[in-house]
Amino acid sequence: MNILFEYVANILAKNTQLEKQQILSMLEVPAQDKGDIALPCFKLAKEMRLAPNIIAENIAKDITDENLQKVEAVAGFVNFFFKPEFLAETLLLNAKITQEEISTNSGMLGKTVLIEHTSINPNASPHIGRARNSLIADSLVRVFKFLGWNTDVHYFVNDVGKQIAMLVYATQKMQSFTFADLLQIYIDINEEAKTNPQIEQEVFVLLNKFENGDKDTIASFNKLVDVCIKGQTEIFNRLNITWDKFDYESKYIHENITNKILEELKKSPKLFEDENGRYVLDQRGEPIGIEEPMLVITRQDKTSLYALRDICYSLDKARSGADRNILVLGEDQKVYFQQIAAAMRLLGAEPAEVVHYSFVLLPDGKMSTRKGTVVLLEDFMSEVVQKANEAIMEKRGIVDQEIAKVVGYGALKYSILKSSPEKNVLFDWATALNFNGDSSLYAQYNYARIQSILSKTDLDYSTPNLTLLTTPEEIALIKQLANFETMVYNVYEKLNPSLITNYVFSLTTKFSQFYSTQNILNIEDKQLQSARLYLISKTAEAIKNSLNLLGIDVLNQL
RNA sequence: GCGCCCAUAGCUCAACAGGAUAGAGCAACACCCUUCUAAGGUGAAGGUUGGGGGUUCGAGUCCCUCUGGGCGCACCA
C-alpha cells in the first residue's frame with residue numbers, strides 16, 4: 001500500500017502548494033468503500049484558516065490522473081479511487097511476500113538478535129501459562145529471521161535454589177524417577193514440608209553443599225536438572241520450539257563470577273551493607289514502580305542471591321555483541337526486571353528490551369503449580385491432536401497422525417498467540433479445541449484449497465496480465481496481499497505476534513470470498529485464468545509465510 | 001494502602017501513531033453443495049466501547065476520576 005501513498009503524495013505535491021513529506025504524514029487508508037487512499041483536511045484547515053470541506057473540494061477539483069477513476073471531496077476528506085486494473089497490477093507486482101524479497105530490502109541482513117525466553121524453573125512439566133512465553137518468543141525469533149537477522153536463542157536454567165533442592169531432596173532416596181513423575185513429587189514434598197520443618201533444614205544443607213562445590217551434591221543436582229531440562233525441551237521441541245544455548249545459573253557461583261561483579265558493585269556508593277550484613281543496592285530515584293526500591297543481592301554470609309546471579313547473566317548477554325537483546329518475561333516480573341535494569345545501568349551496561357505478557361487464566365480462576373490446578377502444555381497438546389484426529393476421521397474417514405499434529409499444534413499456537421501479549425488469555429477447552437472460524441485450520445484449509453487448484457492445471461501463469469483482475473473480491477484480496485510486508489514490520493516494531501493472526505485471518509477471509517464468488521479453473525478466458533492463478537499462488541505464499549511466522553505448518557491436502 | 005497493565009456484541013477477540021456508519025469468530029436464526037475441498041459462503045440479529053468528567057474540528061484510542069479484573073510492592077527464584 002505504501003506505493004499508493006507515494007503515488008498520491010506525488011500527485012498532490014504537483015497540484016498543490018503542499019510538501020510531499022507533509023502530505024505523506026497525513027494520508028491514510030479510509031474505512032470500507034470510501035476510496036483507496038484518503039487525505040483528511042482538518043489540520044490544513046487550521047493552517048489555512050479555511051473550512052475543511054472547502055479545502056477538500058478545492059484539492060479534489062484540480063486533480064486529474066490517468067490511473068485515477070475519481071477523486072471525491074466528502075466531509076473534509078479527499079478520497080482517491082484508483083482504476084482497478086491499475087491497483088491490481090501495481091500492488092500485486094510490488095507486493096513483497098517471500099523471505100528473500102523482504103530480507104534483502106530490510107537493511108537488517110546479517111544483524112544479530114539475542115532472545116532469551118521461557119527460562120522456567122526446571123522443576124516440572126510446563127503449563128500453558130508458561131507456554132505463552134515460549135510461543136510469543138518463538139514467533140518473534142521467526143520474524144527476526146524472516147527480516148534477515150541471525151538469531152541467538154537462550155534459555156537461562158535456574159538450577160540453583162530451594163525449589164530444585166527440594167526436588168533433589170525428595171528424589172535422592174528414590175531408585176529411579178522420570179520427568180513425568182516430578183510434578184506430583186513436587187506437589188507432595190511441598191505439602192509435606194508444611195508440617196515437617198526438618199525437611200526445610202535438610203534442603204538448605206543440600207543447597208549449601210551445592211553452592212560450596214561439593215562434588216556429590218553437584219552431581220545429584222545436575223542429574224535432576226538434566227532430567228527436567230530434557231523433559232521440558234522435549235515437549236517444546238515437539239512444537240518446533242528450540243534454543244541455541246542453555247545457560248546455567250550455577251556457573252556464576254562455581255566460576256566465582258558473582259564475587260567479581262560484587263567487587264565491581266562495591267565501587268558504587270549505591271551499594272551498602274545493611275544491619276544484617278547483607279549487600280543491598282539502594283535504587284531510590286530509579287524508574288522502578290515501588291516506593292523505596294532496594295535490591296538485596298547477597299545473604300548475610302555474602303553469598304549470592306538470585307538477583308546477583310541474574311545481574312551477572314544479564315551482563316553476559318549485554319556484552320555478547322548482539323545488535324539487539326530481547327527478553328520475554330511474565331508481567332509478574334515487571335518490577336523485578338526494572339530493578340535488574342537499574343543495576344545494569346549502574347554497571348554501565350544496556351539492559352535488555354523486555355516483552356511482558358499477562359497470564360493465562362482458567363474459567364474458574366488462575367493456575368498454580370503448587371496447588372496442581374494447572375492445564376499442562378502436554379495435556380493441551382494431546383487433547384488438541386486427538387480432537388484433530390476425530391475431526392479428520394469425521395470428514396475424510398481416515399486416521400493420519402501427522403496431519404492431526406499439524407492441525408492440532410497449529411490450533412494450540414494460534415489460540416494462544418491470537419491475544420495481544422498485554423491482555424490476559426482466558427483459556428477454555430471448548431474455544432481452544434474449536435477449529436472453525438478465526439483459527440489456524442481456517443488458514444490451513446484455504447491454503448490446501450489453493451494447492452488443490454494449482455495441482456489441477458498446467459497453464460503457465462508466470463507472466464500474467466494482472467490488469468484483468470478487477471472484481472471487488474480480487475481487489476480486496478490484492479490489497480491485503482500488499483499489506484504483508486507492512487504487517488511483518490509492525491510485528492517487528494511492536495514485538496507483538498498477535499498482529500500475524502489478525503493478518504492471516506483477514507487475508508484468508510478475503511480469499512475465501514473471492515473463491516466462493518469467482519471461478520478459476522472453470523473459465524474460458526485463459527488470460528484471466530492465468531492472472532487468477534498468479535493471484536492465488538501469491539495468496540498461498542502469504543498464508544504459508546504468515547503461519548510459519550507463528551510457528552505453524554501448512555498442508556497441501558486436508 | 002501504593003504502583004503498572006487490562007475493561008469493546010451473550011462468549012472470545014479486532015480496530016494499523018485520535019479520523020468518516022466500531023469490525024470478526026463462536027453460540028442462536030434464515031438461506032446456499034449435479035461446478036475448482038461446505039473444516040466454506042451469504043443474509044438478518046446482536047453495541048450509550050465499564051460509569052462520570054475533560055482536551056480536540058473529531059475520542060474505543062489522549063488526560064483526570066470512580067468501579068471491576070490481572071500483576072507486583074528488598075532479605076524467593
# chains A, B, ... in the order shown; residues from 1 in each chain; ligands from 1
>>> interface_residues(of="chain B", to="chain A", cutoff="12 Å", atoms="only C-alpha atoms (C1' of nucleotides)", output="PyMOL selection string")
chain B and resi 1-7+11-17+19-27+32-33+35-42+56-58+69-77
>>> select_by_dssp(residues="region 164-270 of chain A", states="strand (DSSP E or B)", output="list in words")
Lys245, Phe246, Asp247 and Tyr248 of chain A
>>> write_last_selection(atoms="C-alpha atoms", output="PDB file, in the first residue's frame")
ATOM      1  CA  LYS A 245      22.124 -22.197  24.120  1.00  0.00           C
ATOM      2  CA  PHE A 246      21.305 -23.195  27.685  1.00  0.00           C
ATOM      3  CA  ASP A 247      22.994 -21.026  30.273  1.00  0.00           C
ATOM      4  CA  TYR A 248      23.263 -22.457  33.768  1.00  0.00           C
TER       5      TYR A 248
END
>>> atom_distance(atom1="CA of Trp243 (chain A)", atom2="CA of Gln386 (chain A)")
27.5 Å
>>> atom_distance(atom1="CA of Pro351 (chain A)", atom2="CA of Glu286 (chain A)")
13.6 Å
>>> select_by_dssp(residues="region 283-421 of chain A", states="alpha helix (DSSP H)", output="number ranges by chain")
A: 306-318, 334-346, 377-396, 401-417
>>> closest_residue(among="A:Leu224, A:Ile523, A:Ile475, A:Leu265", to="Leu535 (chain A)", atoms="only C-alpha atoms")
A:Ile475
>>> decode(residues="region 163-206 of chain A", atoms="N, CA and C atoms", output="PDB file, in the first residue's frame")
ATOM      1  N   GLN A 163      13.739 -24.519  45.317  1.00  0.00           N
ATOM      2  CA  GLN A 163      12.806 -25.378  44.568  1.00  0.00           C
ATOM      3  C   GLN A 163      13.509 -26.638  44.070  1.00  0.00           C
ATOM      4  N   ILE A 164      14.693 -26.405  43.460  1.00  0.00           N
ATOM      5  CA  ILE A 164      15.434 -27.536  42.915  1.00  0.00           C
ATOM      6  C   ILE A 164      15.944 -28.418  44.041  1.00  0.00           C
ATOM      7  N   ALA A 165      16.436 -27.753  45.099  1.00  0.00           N
ATOM      8  CA  ALA A 165      16.959 -28.509  46.232  1.00  0.00           C
ATOM      9  C   ALA A 165      15.867 -29.394  46.845  1.00  0.00           C
ATOM     10  N   MET A 166      14.653 -28.888  46.872  1.00  0.00           N
ATOM     11  CA  MET A 166      13.521 -29.680  47.374  1.00  0.00           C
ATOM     12  C   MET A 166      13.370 -30.956  46.565  1.00  0.00           C
ATOM     13  N   LEU A 167      13.435 -30.792  45.262  1.00  0.00           N
ATOM     14  CA  LEU A 167      13.268 -31.956  44.393  1.00  0.00           C
ATOM     15  C   LEU A 167      14.437 -32.927  44.526  1.00  0.00           C
ATOM     16  N   VAL A 168      15.642 -32.371  44.651  1.00  0.00           N
ATOM     17  CA  VAL A 168      16.809 -33.236  44.848  1.00  0.00           C
ATOM     18  C   VAL A 168      16.606 -34.022  46.135  1.00  0.00           C
ATOM     19  N   TYR A 169      16.167 -33.311  47.158  1.00  0.00           N
ATOM     20  CA  TYR A 169      15.925 -33.962  48.446  1.00  0.00           C
ATOM     21  C   TYR A 169      14.885 -35.083  48.310  1.00  0.00           C
ATOM     22  N   ALA A 170      13.815 -34.764  47.620  1.00  0.00           N
ATOM     23  CA  ALA A 170      12.712 -35.725  47.506  1.00  0.00           C
ATOM     24  C   ALA A 170      13.075 -36.931  46.656  1.00  0.00           C
ATOM     25  N   THR A 171      13.963 -36.735  45.697  1.00  0.00           N
ATOM     26  CA  THR A 171      14.248 -37.830  44.761  1.00  0.00           C
ATOM     27  C   THR A 171      15.509 -38.612  45.112  1.00  0.00           C
ATOM     28  N   GLN A 172      16.318 -38.098  46.051  1.00  0.00           N
ATOM     29  CA  GLN A 172      17.629 -38.738  46.247  1.00  0.00           C
ATOM     30  C   GLN A 172      17.524 -40.159  46.801  1.00  0.00           C
ATOM     31  N   LYS A 173      16.407 -40.435  47.481  1.00  0.00           N
ATOM     32  CA  LYS A 173      16.288 -41.799  48.017  1.00  0.00           C
ATOM     33  C   LYS A 173      15.530 -42.716  47.061  1.00  0.00           C
ATOM     34  N   MET A 174      15.059 -42.161  45.976  1.00  0.00           N
ATOM     35  CA  MET A 174      14.301 -42.985  45.027  1.00  0.00           C
ATOM     36  C   MET A 174      15.246 -43.773  44.134  1.00  0.00           C
ATOM     37  N   GLN A 175      14.798 -44.943  43.774  1.00  0.00           N
ATOM     38  CA  GLN A 175      15.581 -45.774  42.851  1.00  0.00           C
ATOM     39  C   GLN A 175      15.690 -45.069  41.501  1.00  0.00           C
ATOM     40  N   SER A 176      14.527 -44.700  40.991  1.00  0.00           N
ATOM     41  CA  SER A 176      14.516 -44.002  39.718  1.00  0.00           C
ATOM     42  C   SER A 176      13.255 -43.152  39.639  1.00  0.00           C
ATOM     43  N   PHE A 177      13.294 -42.177  38.779  1.00  0.00           N
ATOM     44  CA  PHE A 177      12.120 -41.322  38.581  1.00  0.00           C
ATOM     45  C   PHE A 177      12.196 -40.767  37.171  1.00  0.00           C
ATOM     46  N   THR A 178      11.053 -40.414  36.661  1.00  0.00           N
ATOM     47  CA  THR A 178      11.036 -39.841  35.311  1.00  0.00           C
ATOM     48  C   THR A 178      10.536 -38.411  35.374  1.00  0.00           C
ATOM     49  N   PHE A 179      10.688 -37.740  34.296  1.00  0.00           N
ATOM     50  CA  PHE A 179      10.228 -36.350  34.214  1.00  0.00           C
ATOM     51  C   PHE A 179       8.745 -36.252  34.529  1.00  0.00           C
ATOM     52  N   ALA A 180       8.001 -37.230  34.035  1.00  0.00           N
ATOM     53  CA  ALA A 180       6.551 -37.209  34.225  1.00  0.00           C
ATOM     54  C   ALA A 180       6.158 -37.281  35.699  1.00  0.00           C
ATOM     55  N   ASP A 181       7.012 -37.904  36.533  1.00  0.00           N
ATOM     56  CA  ASP A 181       6.682 -38.050  37.955  1.00  0.00           C
ATOM     57  C   ASP A 181       6.890 -36.757  38.736  1.00  0.00           C
ATOM     58  N   LEU A 182       7.701 -35.867  38.194  1.00  0.00           N
ATOM     59  CA  LEU A 182       8.216 -34.757  39.005  1.00  0.00           C
ATOM     60  C   LEU A 182       7.149 -33.795  39.515  1.00  0.00           C
ATOM     61  N   LEU A 183       6.134 -33.555  38.722  1.00  0.00           N
ATOM     62  CA  LEU A 183       5.111 -32.614  39.155  1.00  0.00           C
ATOM     63  C   LEU A 183       4.470 -33.091  40.451  1.00  0.00           C
ATOM     64  N   GLN A 184       4.111 -34.373  40.494  1.00  0.00           N
ATOM     65  CA  GLN A 184       3.477 -34.913  41.689  1.00  0.00           C
ATOM     66  C   GLN A 184       4.447 -34.918  42.864  1.00  0.00           C
ATOM     67  N   ILE A 185       5.699 -35.293  42.582  1.00  0.00           N
ATOM     68  CA  ILE A 185       6.714 -35.290  43.635  1.00  0.00           C
ATOM     69  C   ILE A 185       6.853 -33.884  44.219  1.00  0.00           C
ATOM     70  N   TYR A 186       6.841 -32.925  43.340  1.00  0.00           N
ATOM     71  CA  TYR A 186       6.995 -31.521  43.733  1.00  0.00           C
ATOM     72  C   TYR A 186       5.834 -31.071  44.618  1.00  0.00           C
ATOM     73  N   ILE A 187       4.633 -31.424  44.195  1.00  0.00           N
ATOM     74  CA  ILE A 187       3.450 -31.063  44.978  1.00  0.00           C
ATOM     75  C   ILE A 187       3.501 -31.734  46.349  1.00  0.00           C
ATOM     76  N   ASP A 188       3.845 -33.020  46.355  1.00  0.00           N
ATOM     77  CA  ASP A 188       3.873 -33.781  47.605  1.00  0.00           C
ATOM     78  C   ASP A 188       4.891 -33.246  48.597  1.00  0.00           C
ATOM     79  N   ILE A 189       6.095 -32.948  48.084  1.00  0.00           N
ATOM     80  CA  ILE A 189       7.147 -32.527  49.016  1.00  0.00           C
ATOM     81  C   ILE A 189       6.836 -31.149  49.595  1.00  0.00           C
ATOM     82  N   ASN A 190       6.222 -30.301  48.805  1.00  0.00           N
ATOM     83  CA  ASN A 190       5.816 -29.002  49.329  1.00  0.00           C
ATOM     84  C   ASN A 190       4.767 -29.143  50.420  1.00  0.00           C
ATOM     85  N   GLU A 191       3.875 -30.094  50.201  1.00  0.00           N
ATOM     86  CA  GLU A 191       2.827 -30.367  51.178  1.00  0.00           C
ATOM     87  C   GLU A 191       3.435 -30.882  52.476  1.00  0.00           C
ATOM     88  N   GLU A 192       4.362 -31.805  52.316  1.00  0.00           N
ATOM     89  CA  GLU A 192       4.998 -32.441  53.451  1.00  0.00           C
ATOM     90  C   GLU A 192       5.803 -31.430  54.272  1.00  0.00           C
ATOM     91  N   ALA A 193       6.472 -30.528  53.548  1.00  0.00           N
ATOM     92  CA  ALA A 193       7.337 -29.563  54.218  1.00  0.00           C
ATOM     93  C   ALA A 193       6.550 -28.615  55.117  1.00  0.00           C
ATOM     94  N   LYS A 194       5.284 -28.460  54.803  1.00  0.00           N
ATOM     95  CA  LYS A 194       4.444 -27.570  55.603  1.00  0.00           C
ATOM     96  C   LYS A 194       4.349 -28.045  57.043  1.00  0.00           C
ATOM     97  N   THR A 195       4.301 -29.375  57.226  1.00  0.00           N
ATOM     98  CA  THR A 195       4.128 -29.916  58.571  1.00  0.00           C
ATOM     99  C   THR A 195       5.435 -30.396  59.176  1.00  0.00           C
ATOM    100  N   ASN A 196       6.452 -30.563  58.337  1.00  0.00           N
ATOM    101  CA  ASN A 196       7.715 -31.088  58.838  1.00  0.00           C
ATOM    102  C   ASN A 196       8.853 -30.105  58.575  1.00  0.00           C
ATOM    103  N   PRO A 197       9.201 -29.294  59.571  1.00  0.00           N
ATOM    104  CA  PRO A 197      10.234 -28.266  59.383  1.00  0.00           C
ATOM    105  C   PRO A 197      11.618 -28.865  59.145  1.00  0.00           C
ATOM    106  N   GLN A 198      11.769 -30.103  59.539  1.00  0.00           N
ATOM    107  CA  GLN A 198      13.027 -30.832  59.325  1.00  0.00           C
ATOM    108  C   GLN A 198      13.431 -30.805  57.853  1.00  0.00           C
ATOM    109  N   ILE A 199      12.420 -30.946  56.989  1.00  0.00           N
ATOM    110  CA  ILE A 199      12.692 -31.019  55.553  1.00  0.00           C
ATOM    111  C   ILE A 199      13.380 -29.761  55.070  1.00  0.00           C
ATOM    112  N   GLU A 200      12.830 -28.638  55.468  1.00  0.00           N
ATOM    113  CA  GLU A 200      13.393 -27.376  55.013  1.00  0.00           C
ATOM    114  C   GLU A 200      14.857 -27.240  55.429  1.00  0.00           C
ATOM    115  N   GLN A 201      15.138 -27.633  56.651  1.00  0.00           N
ATOM    116  CA  GLN A 201      16.518 -27.562  57.137  1.00  0.00           C
ATOM    117  C   GLN A 201      17.445 -28.399  56.278  1.00  0.00           C
ATOM    118  N   GLU A 202      17.024 -29.610  56.005  1.00  0.00           N
ATOM    119  CA  GLU A 202      17.869 -30.502  55.213  1.00  0.00           C
ATOM    120  C   GLU A 202      18.043 -29.992  53.785  1.00  0.00           C
ATOM    121  N   VAL A 203      16.984 -29.380  53.287  1.00  0.00           N
ATOM    122  CA  VAL A 203      17.042 -28.810  51.945  1.00  0.00           C
ATOM    123  C   VAL A 203      18.096 -27.707  51.892  1.00  0.00           C
ATOM    124  N   PHE A 204      18.152 -26.896  52.951  1.00  0.00           N
ATOM    125  CA  PHE A 204      19.139 -25.816  52.953  1.00  0.00           C
ATOM    126  C   PHE A 204      20.563 -26.352  53.097  1.00  0.00           C
ATOM    127  N   VAL A 205      20.709 -27.449  53.803  1.00  0.00           N
ATOM    128  CA  VAL A 205      22.029 -28.090  53.901  1.00  0.00           C
ATOM    129  C   VAL A 205      22.487 -28.515  52.510  1.00  0.00           C
ATOM    130  N   LEU A 206      21.545 -29.122  51.769  1.00  0.00           N
ATOM    131  CA  LEU A 206      21.837 -29.550  50.398  1.00  0.00           C
ATOM    132  C   LEU A 206      22.260 -28.371  49.527  1.00  0.00           C
TER     133      LEU A 206
END
